[in-house]
$ cat target.txt   # compact mmCIF, C-alpha atoms
# COMPACT_ATOMS: atom_id res chain seq x y z
CA MET F 1 1.06 14.81 14.83
CA ASN F 2 0.24 11.37 13.40
CA ALA F 3 2.69 9.42 11.29
CA TYR F 4 0.80 10.11 8.06
CA LYS F 5 1.01 13.87 8.58
CA ASN F 6 4.61 13.62 9.77
CA ALA F 7 5.67 11.75 6.65
CA ALA F 8 3.75 14.20 4.48
CA ARG F 9 5.51 17.12 6.10
CA MET F 10 8.89 15.43 5.62
CA LEU F 11 8.10 14.94 1.93
CA ALA F 12 7.08 18.58 1.59
CA CYS F 13 10.36 19.66 3.16
CA ALA F 14 12.29 17.37 0.82
CA ALA F 15 10.51 18.79 -2.20
CA ALA F 16 11.19 22.33 -1.06
CA LEU F 17 14.87 21.52 -0.61
CA MET F 18 15.13 19.91 -4.03
CA VAL F 19 14.09 23.06 -5.86
CA PRO F 20 16.58 25.63 -4.58
CA LEU F 21 19.47 23.26 -3.90
CA GLY F 22 19.04 21.04 -6.93
CA ALA F 23 20.60 23.59 -9.27
CA VAL F 24 23.76 23.59 -7.15
CA HIS F 25 24.17 19.98 -6.12
CA ALA F 26 22.36 17.92 -8.74
CA GLN F 27 24.85 19.03 -11.41
CA ASP F 28 27.89 17.64 -9.54
CA ARG F 29 27.62 14.20 -11.16
CA ASP F 30 25.20 11.81 -12.78
CA ILE F 31 22.92 9.91 -10.38
CA THR F 32 21.26 6.56 -11.09
CA ILE F 33 18.31 5.44 -8.99
CA ALA F 34 16.94 1.96 -9.69
CA VAL F 35 13.32 1.23 -8.79
CA SER F 36 12.37 -2.45 -8.50
CA ILE F 37 8.68 -3.24 -8.02
CA PRO F 38 6.14 -6.00 -8.71
CA ALA F 39 4.38 -5.93 -12.06
CA ALA F 40 0.75 -4.79 -12.29
CA THR F 41 -0.71 -8.22 -11.53
CA HIS F 42 -3.68 -6.79 -9.59
CA GLY F 43 -5.21 -3.44 -8.73
CA TRP F 44 -2.88 -2.29 -5.96
CA THR F 45 0.34 -3.15 -7.79
CA GLY F 46 -1.15 -1.51 -10.87
CA GLY F 47 -1.35 1.64 -8.78
CA VAL F 48 2.26 1.16 -7.66
CA VAL F 49 3.44 1.00 -11.28
CA TYR F 50 1.36 4.06 -12.18
CA HIS F 51 2.80 6.22 -9.37
CA ALA F 52 6.35 4.95 -9.98
CA GLU F 53 6.11 5.97 -13.63
CA GLN F 54 4.87 9.41 -12.58
CA ALA F 55 7.72 9.85 -10.12
CA LYS F 56 10.29 8.79 -12.73
CA ALA F 57 9.02 11.37 -15.22
CA GLU F 58 8.84 14.17 -12.65
CA VAL F 59 12.26 13.55 -11.05
CA GLU F 60 14.02 13.23 -14.42
CA ALA F 61 12.32 16.39 -15.68
CA ALA F 62 13.46 18.34 -12.62
CA PHE F 63 17.02 16.95 -12.65
CA PRO F 64 18.36 15.96 -16.11
CA ASN F 65 21.41 14.27 -14.59
CA VAL F 66 19.26 11.98 -12.42
CA GLU F 67 18.20 8.78 -14.17
CA VAL F 68 15.44 6.66 -12.67
CA VAL F 69 15.57 3.10 -13.99
CA LEU F 70 12.21 1.38 -13.48
CA SER F 71 12.07 -2.42 -13.38
CA THR F 72 8.94 -4.56 -12.85
CA ALA F 73 8.80 -8.29 -12.17
CA SER F 74 5.98 -10.83 -12.01
CA SER F 75 7.51 -13.05 -9.31
CA ALA F 76 10.09 -13.02 -6.54
CA SER F 77 12.57 -15.03 -8.63
CA ALA F 78 12.10 -12.67 -11.57
CA GLN F 79 12.72 -9.71 -9.29
CA VAL F 80 15.93 -11.30 -8.00
CA SER F 81 17.13 -11.84 -11.59
CA ALA F 82 16.26 -8.29 -12.61
CA LEU F 83 18.06 -6.92 -9.57
CA GLU F 84 21.18 -8.93 -10.39
CA ASP F 85 21.12 -7.60 -13.97
CA LEU F 86 20.72 -4.01 -12.80
CA SER F 87 23.56 -4.33 -10.35
CA ALA F 88 25.85 -5.95 -12.92
CA THR F 89 25.22 -3.45 -15.72
CA ARG F 90 24.86 -0.14 -13.87
CA ASP F 91 26.57 1.82 -11.14
CA LEU F 92 23.62 2.30 -8.82
CA ASP F 93 23.63 5.23 -6.43
CA ALA F 94 20.31 4.16 -4.91
CA LEU F 95 17.82 1.31 -5.04
CA VAL F 96 14.14 1.78 -4.23
CA ILE F 97 12.58 -1.67 -3.87
CA LEU F 98 9.16 -3.04 -3.03
CA PRO F 99 10.08 -6.70 -2.48
CA PHE F 100 7.87 -9.52 -3.66
CA THR F 101 8.86 -11.41 -0.54
CA SER F 102 11.09 -10.42 2.35
CA GLU F 103 13.08 -13.63 2.54
CA GLU F 104 13.97 -14.13 -1.13
CA LEU F 105 15.00 -10.51 -1.70
CA THR F 106 17.02 -9.90 1.46
CA GLY F 107 20.22 -11.55 0.20
CA PRO F 108 20.21 -9.92 -3.25
CA VAL F 109 19.49 -6.48 -1.79
CA GLU F 110 22.28 -6.97 0.74
CA GLN F 111 24.67 -7.63 -2.15
CA VAL F 112 23.60 -4.37 -3.79
CA LYS F 113 24.08 -2.58 -0.49
CA ALA F 114 27.66 -3.90 -0.31
CA ASN F 115 28.50 -1.79 -3.36
CA GLY F 116 27.75 1.39 -1.43
CA THR F 117 24.21 1.77 -2.81
CA PHE F 118 21.64 3.70 -0.78
CA ILE F 119 18.72 1.32 -0.05
CA THR F 120 15.09 2.40 0.24
CA VAL F 121 12.59 -0.35 1.07
CA VAL F 122 8.87 0.17 0.51
CA ASP F 123 5.89 -1.65 2.04
CA ARG F 124 7.34 -5.12 2.70
CA GLY F 125 10.39 -5.00 4.94
CA LEU F 126 13.45 -7.17 4.41
CA ALA F 127 14.29 -10.02 6.76
CA ASP F 128 17.23 -7.92 7.99
CA PRO F 129 16.10 -4.32 8.54
CA GLU F 130 19.72 -3.22 9.03
CA ILE F 131 20.18 -3.36 5.25
CA GLN F 132 17.76 -0.51 4.55
CA ASP F 133 18.69 3.16 4.88
CA LEU F 134 15.11 4.32 4.42
CA TYR F 135 11.81 2.52 4.97
CA VAL F 136 8.41 3.80 3.79
CA ALA F 137 5.23 1.82 4.45
CA GLY F 138 1.62 1.96 5.50
CA ASP F 139 0.32 0.94 8.92
CA ASN F 140 -1.45 -2.37 8.35
CA ILE F 141 -2.44 -2.80 11.99
CA ALA F 142 -4.16 0.60 11.83
CA VAL F 143 -5.96 -0.40 8.62
CA GLY F 144 -7.66 -3.21 10.53
CA ALA F 145 -8.07 -1.46 13.87
CA ASN F 146 -9.55 1.79 12.54
CA THR F 147 -12.03 -0.12 10.39
CA ALA F 148 -13.04 -2.29 13.35
CA ARG F 149 -13.57 0.71 15.65
CA TRP F 150 -15.83 2.41 13.13
CA LEU F 151 -17.78 -0.79 12.47
CA SER F 152 -18.22 -1.47 16.17
CA GLU F 153 -19.61 2.00 16.72
CA GLN F 154 -22.09 1.62 13.86
CA LEU F 155 -23.26 -1.82 15.04
CA GLY F 156 -23.52 -0.76 18.65
CA GLY F 157 -20.86 -3.26 19.66
CA GLU F 158 -22.85 -6.36 18.66
CA GLY F 159 -23.78 -8.34 15.58
CA ASP F 160 -22.63 -11.12 13.27
CA ILE F 161 -19.97 -10.51 10.66
CA VAL F 162 -17.76 -12.40 8.21
CA VAL F 163 -14.20 -11.59 7.17
CA LEU F 164 -12.15 -12.20 4.04
CA ARG F 165 -8.37 -12.48 4.39
CA GLY F 166 -5.76 -11.84 1.72
CA ILE F 167 -2.76 -14.11 1.26
CA PRO F 168 -0.63 -15.57 4.07
CA THR F 169 1.77 -12.66 4.57
CA VAL F 170 2.84 -10.34 7.37
CA ILE F 171 0.70 -7.62 5.77
CA ASP F 172 -2.43 -9.75 6.02
CA ASP F 173 -1.53 -10.96 9.51
CA GLU F 174 -1.16 -7.38 10.76
CA ARG F 175 -4.46 -6.25 9.27
CA ILE F 176 -6.27 -9.18 10.84
CA GLN F 177 -4.49 -8.58 14.13
CA GLY F 178 -5.55 -4.93 14.24
CA PHE F 179 -9.15 -5.81 13.33
CA THR F 180 -9.64 -8.78 15.66
CA GLU F 181 -8.01 -7.12 18.68
CA VAL F 182 -10.67 -4.40 18.52
CA ILE F 183 -13.56 -6.77 17.75
CA GLU F 184 -12.61 -9.03 20.68
CA GLN F 185 -13.41 -6.15 23.03
CA THR F 186 -17.03 -6.09 21.77
CA ASN F 187 -19.95 -8.52 21.49
CA ILE F 188 -19.53 -8.75 17.73
CA ASN F 189 -19.24 -12.34 16.52
CA ILE F 190 -16.89 -13.17 13.63
CA MET F 191 -18.80 -16.14 12.21
CA ASP F 192 -16.26 -17.01 9.54
CA ILE F 193 -12.83 -15.88 8.32
CA GLN F 194 -11.16 -17.37 5.26
CA TYR F 195 -8.55 -16.48 2.63
CA ALA F 196 -9.56 -15.07 -0.76
CA ASN F 197 -6.01 -14.15 -1.77
CA TRP F 198 -6.71 -10.45 -2.49
CA ASN F 199 -8.48 -11.61 -5.64
CA GLN F 200 -11.84 -10.27 -6.80
CA ASP F 201 -13.03 -13.52 -8.38
CA GLN F 202 -12.06 -15.65 -5.39
CA ALA F 203 -13.73 -13.15 -3.06
CA PHE F 204 -16.91 -13.40 -5.14
CA THR F 205 -16.91 -17.19 -4.78
CA LEU F 206 -16.12 -17.11 -1.07
CA MET F 207 -18.85 -14.53 -0.42
CA GLN F 208 -21.33 -16.74 -2.26
CA ASP F 209 -20.38 -19.53 0.16
CA TYR F 210 -20.84 -17.21 3.14
CA LEU F 211 -24.24 -16.11 1.87
CA ALA F 212 -25.39 -19.71 1.44
CA LYS F 213 -24.08 -20.70 4.86
CA TYR F 214 -25.34 -17.77 6.94
CA PRO F 215 -28.95 -16.56 6.58
CA HIS F 216 -28.15 -13.34 8.44
CA ILE F 217 -24.96 -11.26 8.20
CA ASP F 218 -24.72 -7.76 9.61
CA ALA F 219 -21.47 -6.75 7.96
CA VAL F 220 -18.55 -7.96 5.85
CA TRP F 221 -14.93 -6.91 6.04
CA ALA F 222 -12.68 -7.73 3.10
CA ASN F 223 -9.26 -6.46 4.06
CA ASP F 224 -8.50 -5.31 0.51
CA ASP F 225 -10.61 -3.39 -2.01
CA ASP F 226 -10.06 -5.86 -4.85
CA MET F 227 -11.83 -8.45 -2.70
CA LEU F 228 -14.49 -5.93 -1.68
CA LEU F 229 -15.63 -5.55 -5.29
CA GLY F 230 -16.16 -9.32 -5.47
CA VAL F 231 -18.08 -9.25 -2.18
CA ILE F 232 -20.39 -6.48 -3.39
CA GLU F 233 -21.08 -8.32 -6.64
CA ALA F 234 -22.04 -11.49 -4.77
CA VAL F 235 -24.28 -9.62 -2.32
CA ASP F 236 -26.03 -7.75 -5.12
CA GLN F 237 -26.60 -10.90 -7.15
CA ALA F 238 -28.10 -12.64 -4.11
CA GLY F 239 -30.32 -9.65 -3.35
CA ARG F 240 -29.34 -9.80 0.33
CA GLU F 241 -30.57 -6.73 2.21
CA ASP F 242 -29.53 -7.81 5.71
CA ILE F 243 -25.91 -6.78 5.16
CA ARG F 244 -25.64 -3.24 6.46
CA PHE F 245 -21.97 -2.69 5.70
CA ALA F 246 -19.46 -4.07 3.21
CA LEU F 247 -16.04 -2.60 3.92
CA GLY F 248 -12.59 -3.02 2.44
CA GLY F 249 -9.29 -1.21 2.65
CA ASN F 250 -6.47 0.32 0.54
CA GLY F 251 -8.38 3.27 -0.92
CA MET F 252 -9.06 1.93 -4.42
CA ARG F 253 -10.35 4.60 -6.79
CA GLN F 254 -13.74 2.90 -7.28
CA VAL F 255 -14.21 2.50 -3.52
CA VAL F 256 -13.22 6.10 -2.79
CA GLU F 257 -15.84 7.12 -5.36
CA MET F 258 -18.44 5.14 -3.39
CA VAL F 259 -17.43 7.02 -0.25
CA MET F 260 -17.56 10.37 -2.04
CA GLU F 261 -21.06 9.55 -3.29
CA GLY F 262 -22.28 8.70 0.21
CA ASN F 263 -22.82 5.00 -0.44
CA GLU F 264 -24.73 3.65 2.58
CA ARG F 265 -23.21 0.17 2.46
CA THR F 266 -19.63 1.33 1.87
CA PRO F 267 -19.49 4.76 3.54
CA ILE F 268 -15.82 4.61 4.63
CA SER F 269 -12.48 3.13 3.65
CA THR F 270 -8.91 3.22 4.92
CA PRO F 271 -5.87 4.21 2.86
CA TYR F 272 -2.93 2.02 2.07
CA PRO F 273 -1.88 4.11 -0.89
CA PRO F 274 0.18 2.66 -3.73
CA SER F 275 1.41 6.26 -4.08
CA MET F 276 3.79 5.47 -1.20
CA ILE F 277 6.23 4.31 -3.92
CA LYS F 278 6.18 7.84 -5.33
CA SER F 279 6.90 9.29 -1.90
CA ALA F 280 9.80 6.86 -1.47
CA ILE F 281 11.32 7.82 -4.84
CA TYR F 282 11.04 11.54 -4.03
CA MET F 283 12.68 11.03 -0.66
CA THR F 284 15.47 8.97 -2.20
CA ALA F 285 16.08 11.61 -4.88
CA ALA F 286 16.24 14.28 -2.17
CA GLN F 287 19.04 12.31 -0.55
CA PHE F 288 21.22 13.21 -3.55
CA SER F 289 19.65 16.20 -5.32
CA ALA F 290 19.04 18.24 -2.18
CA GLN F 291 21.73 16.75 0.04
CA ALA F 292 18.90 16.26 2.54
CA PRO F 293 19.49 13.20 4.73
CA MET F 294 16.49 10.91 4.27
CA ARG F 295 17.15 8.05 6.64
CA GLY F 296 14.88 6.22 9.03
CA SER F 297 11.39 4.72 8.95
CA PHE F 298 8.26 6.53 7.83
CA LEU F 299 5.01 4.75 8.66
CA LEU F 300 1.93 6.25 7.01
CA ASP F 301 -1.14 6.21 9.23
CA ALA F 302 -4.51 4.86 8.09
CA PRO F 303 -7.11 7.53 8.91
CA LEU F 304 -10.66 6.78 7.87
CA ILE F 305 -11.57 7.95 4.39
CA THR F 306 -14.94 9.70 4.71
CA PRO F 307 -17.07 11.89 2.42
CA GLN F 308 -15.48 14.90 4.12
CA ASN F 309 -11.87 14.03 3.23
CA ALA F 310 -12.20 11.56 0.34
CA ASP F 311 -10.90 14.04 -2.24
CA GLN F 312 -7.49 13.89 -0.52
CA PHE F 313 -7.23 10.18 -1.34
CA TYR F 314 -8.74 10.28 -4.84
CA TYR F 315 -6.56 9.77 -7.93
CA PRO F 316 -9.00 9.78 -10.88
CA ASP F 317 -6.37 8.78 -13.44
CA SER F 318 -4.88 5.95 -11.39
CA PRO F 319 -5.72 2.33 -12.29
CA PHE F 320 -6.26 1.74 -8.58

$ encode --input "target.txt" --output "structure tokens"
Amino acid sequence: MNAYKNAARMLACAAALMVPLGAVHAQDRDITIAVSIPAATHGWTGGVVYHAEQAKAEVEAAFPNVEVVLSTASSASAQVSALEDLSATRDLDALVILPFTSEELTGPVEQVKANGTFITVVDRGLADPEIQDLYVAGDNIAVGANTARWLSEQLGGEGDIVVLRGIPTVIDDERIQGFTEVIEQTNINIMDIQYANWNQDQAFTLMQDYLAKYPHIDAVWANDDDMLLGVIEAVDQAGREDIRFALGGNGMRQVVEMVMEGNERTPISTPYPPSMIKSAIYMTAAQFSAQAPMRGSFLLDAPLITPQNADQFYYPDSPF
């Protein structure tokens, strides 16, 4: 069983436990779960906020004595300040946090942990993993590797491609690592690889540069779907028909729709679902409401999103 299915089964078990046992155990005392996440500054974090708000409403509706306090921040320093305020003004039973940066948030989270708070870390790990009780994240190496394997098969193991990176983070490094390790085993040539900071406008500009520089490109990989939209816009404006594939990653709603429609240029994607925050909140609530131990690391796999399974990764009401 892959990690994605394993985590899904664990979540299903937690949900099942929360229903019958919640009536017995959730009434013992009031529970406060703080959720600290980045603000919706781009598509993926917009999806994180959306799914966190859903989880808050659903958990509080199921268990009236469980309060989920949702806090968003637009920078690492703002997240540190918000975390300090939460810790000073509330008795936190649990903290679910998606850190802006590992280094800046490790100390503040460790201070919260010292108060006996259960710590759930999502996506970006802390500098000291011993602080976390529960870790939920996607597999960034698999995002890159699975995309590269598919692309290599479609290109017959040869061709010229360009790559767009995100921002200098471990997440980006792992995606590039997974992608390049597969490509290096083929005759595919990565002609250029530069940062576009997971930004649609910057990706548009960078792709324009690539198009001007290289008269023939077989495929493009932008390791995030926000950037992919900028790539597609640039390619369409230039009228370039040599580019067989333009691929991204993360499973953005608009990109999943392309896959569902059988788009020839973007026929697949890979999930790195912002809904992982929802899974993390459910699992944390189960720790208290169901008395179901939810400790350890849960790494969600990155299976290819294809027309056959795209409906499983499609959230029509999500901003991402």

$ atom_distance --input "target.txt" --atom1 "CA of Thr41 (chain F)" --atom2 "CA of Gly125 (chain F)"
20.1 Å

$ residues_around --input "target.txt" --residues "region 84-97 of chain F" --least-positions-apart "3" --cutoff "6 Å" --atoms "only C-alpha atoms" --output "number ranges by chain"
F: 32-37, 81, 117-121

$ atom_distance --input "target.txt" --atom1 "CA of Met252 (chain F)" --atom2 "CA of Ala238 (chain F)"
24.0 Å

$ closest_residue --input "target.txt" --among "F:Ser75, F:Asn309, F:Gln111, F:Asn223" --to "Ile193 (chain F)" --atoms "all atoms listed in the file"
F:Asn223

$ residues_around --input "target.txt" --residues "Ile217 (chain F)" --least-positions-apart "4" --cutoff "10 Å" --atoms "all atoms listed in the file" --output "ChimeraX atom specification"
/F:159-162,190-191,210-211,240-245

$ write_last_selection --input "target.txt" --atoms "C-alpha atoms" --output "PDB file, keeping the file's coordinate frame"
ATOM      1  CA  GLY F 159     -23.780  -8.340  15.580  1.00  0.00           C
ATOM      2  CA  ASP F 160     -22.630 -11.120  13.270  1.00  0.00           C
ATOM      3  CA  ILE F 161     -19.970 -10.510  10.660  1.00  0.00           C
ATOM      4  CA  VAL F 162     -17.760 -12.400   8.210  1.00  0.00           C
ATOM      5  CA  ILE F 190     -16.890 -13.170  13.630  1.00  0.00           C
ATOM      6  CA  MET F 191     -18.800 -16.140  12.210  1.00  0.00           C
ATOM      7  CA  TYR F 210     -20.840 -17.210   3.140  1.00  0.00           C
ATOM      8  CA  LEU F 211     -24.240 -16.110   1.870  1.00  0.00           C
ATOM      9  CA  ARG F 240     -29.340  -9.800   0.330  1.00  0.00           C
ATOM     10  CA  GLU F 241     -30.570  -6.730   2.210  1.00  0.00           C
ATOM     11  CA  ASP F 242     -29.530  -7.810   5.710  1.00  0.00           C
ATOM     12  CA  ILE F 243     -25.910  -6.780   5.160  1.00  0.00           C
ATOM     13  CA  ARG F 244     -25.640  -3.240   6.460  1.00  0.00           C
ATOM     14  CA  PHE F 245     -21.970  -2.690   5.700  1.00  0.00           C
TER      15      PHE F 245
END

$ closest_residue --input "target.txt" --among "F:Thr169, F:Ala142, F:Leu155, F:Arg149" --to "Glu103 (chain F)" --atoms "all atoms listed in the file"
F:Thr169

$ atom_distance --input "target.txt" --atom1 "CA of Asp128 (chain F)" --atom2 "CA of Ala302 (chain F)"
25.2 Å

$ residues_around --input "target.txt" --residues "Thr45 (chain F)" --least-positions-apart "3" --cutoff "12 Å" --atoms "all atoms listed in the file" --output "JSON, numbers by chain"
{"F": [37, 38, 39, 40, 41, 42, 48, 49, 50, 51, 52, 72, 73, 74, 98, 99, 100, 123, 198, 226, 250, 252, 272, 273, 274, 275, 276, 277, 318, 319, 320]}

$ write_last_selection --input "target.txt" --atoms "C-alpha atoms" --output "PDB file, in the coordinates of the input"
ATOM      1  CA  ILE F  37       8.680  -3.240  -8.020  1.00  0.00           C
ATOM      2  CA  PRO F  38       6.140  -6.000  -8.710  1.00  0.00           C
ATOM      3  CA  ALA F  39       4.380  -5.930 -12.060  1.00  0.00           C
ATOM      4  CA  ALA F  40       0.750  -4.790 -12.290  1.00  0.00           C
ATOM      5  CA  THR F  41      -0.710  -8.220 -11.530  1.00  0.00           C
ATOM      6  CA  HIS F  42      -3.680  -6.790  -9.590  1.00  0.00           C
ATOM      7  CA  VAL F  48       2.260   1.160  -7.660  1.00  0.00           C
ATOM      8  CA  VAL F  49       3.440   1.000 -11.280  1.00  0.00           C
ATOM      9  CA  TYR F  50       1.360   4.060 -12.180  1.00  0.00           C
ATOM     10  CA  HIS F  51       2.800   6.220  -9.370  1.00  0.00           C
ATOM     11  CA  ALA F  52       6.350   4.950  -9.980  1.00  0.00           C
ATOM     12  CA  THR F  72       8.940  -4.560 -12.850  1.00  0.00           C
ATOM     13  CA  ALA F  73       8.800  -8.290 -12.170  1.00  0.00           C
ATOM     14  CA  SER F  74       5.980 -10.830 -12.010  1.00  0.00           C
ATOM     15  CA  LEU F  98       9.160  -3.040  -3.030  1.00  0.00           C
ATOM     16  CA  PRO F  99      10.080  -6.700  -2.480  1.00  0.00           C
ATOM     17  CA  PHE F 100       7.870  -9.520  -3.660  1.00  0.00           C
ATOM     18  CA  ASP F 123       5.890  -1.650   2.040  1.00  0.00           C
ATOM     19  CA  TRP F 198      -6.710 -10.450  -2.490  1.00  0.00           C
ATOM     20  CA  ASP F 226     -10.060  -5.860  -4.850  1.00  0.00           C
ATOM     21  CA  ASN F 250      -6.470   0.320   0.540  1.00  0.00           C
ATOM     22  CA  MET F 252      -9.060   1.930  -4.420  1.00  0.00           C
ATOM     23  CA  TYR F 272      -2.930   2.020   2.070  1.00  0.00           C
ATOM     24  CA  PRO F 273      -1.880   4.110  -0.890  1.00  0.00           C
ATOM     25  CA  PRO F 274       0.180   2.660  -3.730  1.00  0.00           C
ATOM     26  CA  SER F 275       1.410   6.260  -4.080  1.00  0.00           C
ATOM     27  CA  MET F 276       3.790   5.470  -1.200  1.00  0.00           C
ATOM     28  CA  ILE F 277       6.230   4.310  -3.920  1.00  0.00           C
ATOM     29  CA  SER F 318      -4.880   5.950 -11.390  1.00  0.00           C
ATOM     30  CA  PRO F 319      -5.720   2.330 -12.290  1.00  0.00           C
ATOM     31  CA  PHE F 320      -6.260   1.740  -8.580  1.00  0.00           C
TER      32      PHE F 320
END

$ residues_around --input "target.txt" --residues "Arg165 (chain F)" --least-positions-apart "6" --cutoff "12 Å" --atoms "only C-alpha atoms" --output "JSON, numbers by chain"
{"F": [144, 171, 172, 173, 174, 175, 176, 177, 179, 180, 192, 193, 194, 195, 196, 197, 198, 199, 200, 202, 203, 206, 207, 220, 221, 222, 223, 224, 225, 226, 227, 228, 248, 249]}

$ closest_residue --input "target.txt" --among "F:Tyr282, F:Tyr314, F:Tyr135, F:Tyr214" --to "Leu299 (chain F)" --atoms "all atoms listed in the file"
F:Tyr135

$ closest_residue --input "target.txt" --among "F:Ala148, F:Val109, F:Val170, F:Val231" --to "Arg124 (chain F)" --atoms "all atoms listed in the file"
F:Val170

$ residues_near_point --input "target.txt" --point "(-22.1, -1.7, 23.7)" --cutoff "10 Å" --atoms "all atoms listed in the file" --output "PyMOL selection string"
chain F and resi 152-153+155-158+185-188

$ closest_residue --input "target.txt" --among "F:Gly239, F:Val66, F:Ser102, F:Gly43" --to "Gln254 (chain F)" --atoms "only C-alpha atoms"
F:Gly43

$ build_atoms --input "target.txt" --residues "region 91-107 of chain F" --atoms "N, CA and C atoms" --output "tab-separated table (two decimals), in the coordinates of the input"
chain	number	residue	atom	x	y	z
F	91	ASP	N	26.03	1.35	-12.41
F	91	ASP	CA	26.57	1.82	-11.14
F	91	ASP	C	25.44	2.51	-10.40
F	92	LEU	N	24.82	1.81	-9.47
F	92	LEU	CA	23.62	2.30	-8.82
F	92	LEU	C	23.95	3.14	-7.59
F	93	ASP	N	23.48	4.38	-7.61
F	93	ASP	CA	23.63	5.23	-6.43
F	93	ASP	C	22.58	4.89	-5.38
F	94	ALA	N	21.40	4.48	-5.84
F	94	ALA	CA	20.31	4.16	-4.91
F	94	ALA	C	19.42	3.09	-5.52
F	95	LEU	N	18.82	2.31	-4.64
F	95	LEU	CA	17.82	1.31	-5.04
F	95	LEU	C	16.57	1.54	-4.21
F	96	VAL	N	15.45	1.72	-4.89
F	96	VAL	CA	14.14	1.78	-4.23
F	96	VAL	C	13.45	0.47	-4.58
F	97	ILE	N	13.13	-0.34	-3.58
F	97	ILE	CA	12.58	-1.67	-3.87
F	97	ILE	C	11.35	-1.96	-3.02
F	98	LEU	N	10.32	-2.46	-3.69
F	98	LEU	CA	9.16	-3.04	-3.03
F	98	LEU	C	9.28	-4.54	-3.26
F	99	PRO	N	9.78	-5.28	-2.27
F	99	PRO	CA	10.08	-6.70	-2.48
F	99	PRO	C	8.82	-7.55	-2.67
F	100	PHE	N	8.94	-8.54	-3.54
F	100	PHE	CA	7.87	-9.52	-3.66
F	100	PHE	C	7.72	-10.27	-2.35
F	101	THR	N	8.84	-10.76	-1.83
F	101	THR	CA	8.86	-11.41	-0.54
F	101	THR	C	10.09	-10.93	0.23
F	102	SER	N	9.98	-10.89	1.53
F	102	SER	CA	11.09	-10.42	2.35
F	102	SER	C	12.28	-11.38	2.28
F	103	GLU	N	12.01	-12.66	2.42
F	103	GLU	CA	13.08	-13.63	2.54
F	103	GLU	C	13.91	-13.75	1.26
F	104	GLU	N	13.24	-13.89	0.12
F	104	GLU	CA	13.97	-14.13	-1.13
F	104	GLU	C	14.76	-12.91	-1.59
F	105	LEU	N	14.33	-11.71	-1.22
F	105	LEU	CA	15.00	-10.51	-1.70
F	105	LEU	C	16.05	-9.96	-0.75
F	106	THR	N	16.08	-10.46	0.48
F	106	THR	CA	17.02	-9.90	1.46
F	106	THR	C	18.47	-10.09	1.02
F	107	GLY	N	18.84	-11.29	0.63
F	107	GLY	CA	20.22	-11.55	0.20
F	107	GLY	C	20.63	-10.72	-1.00
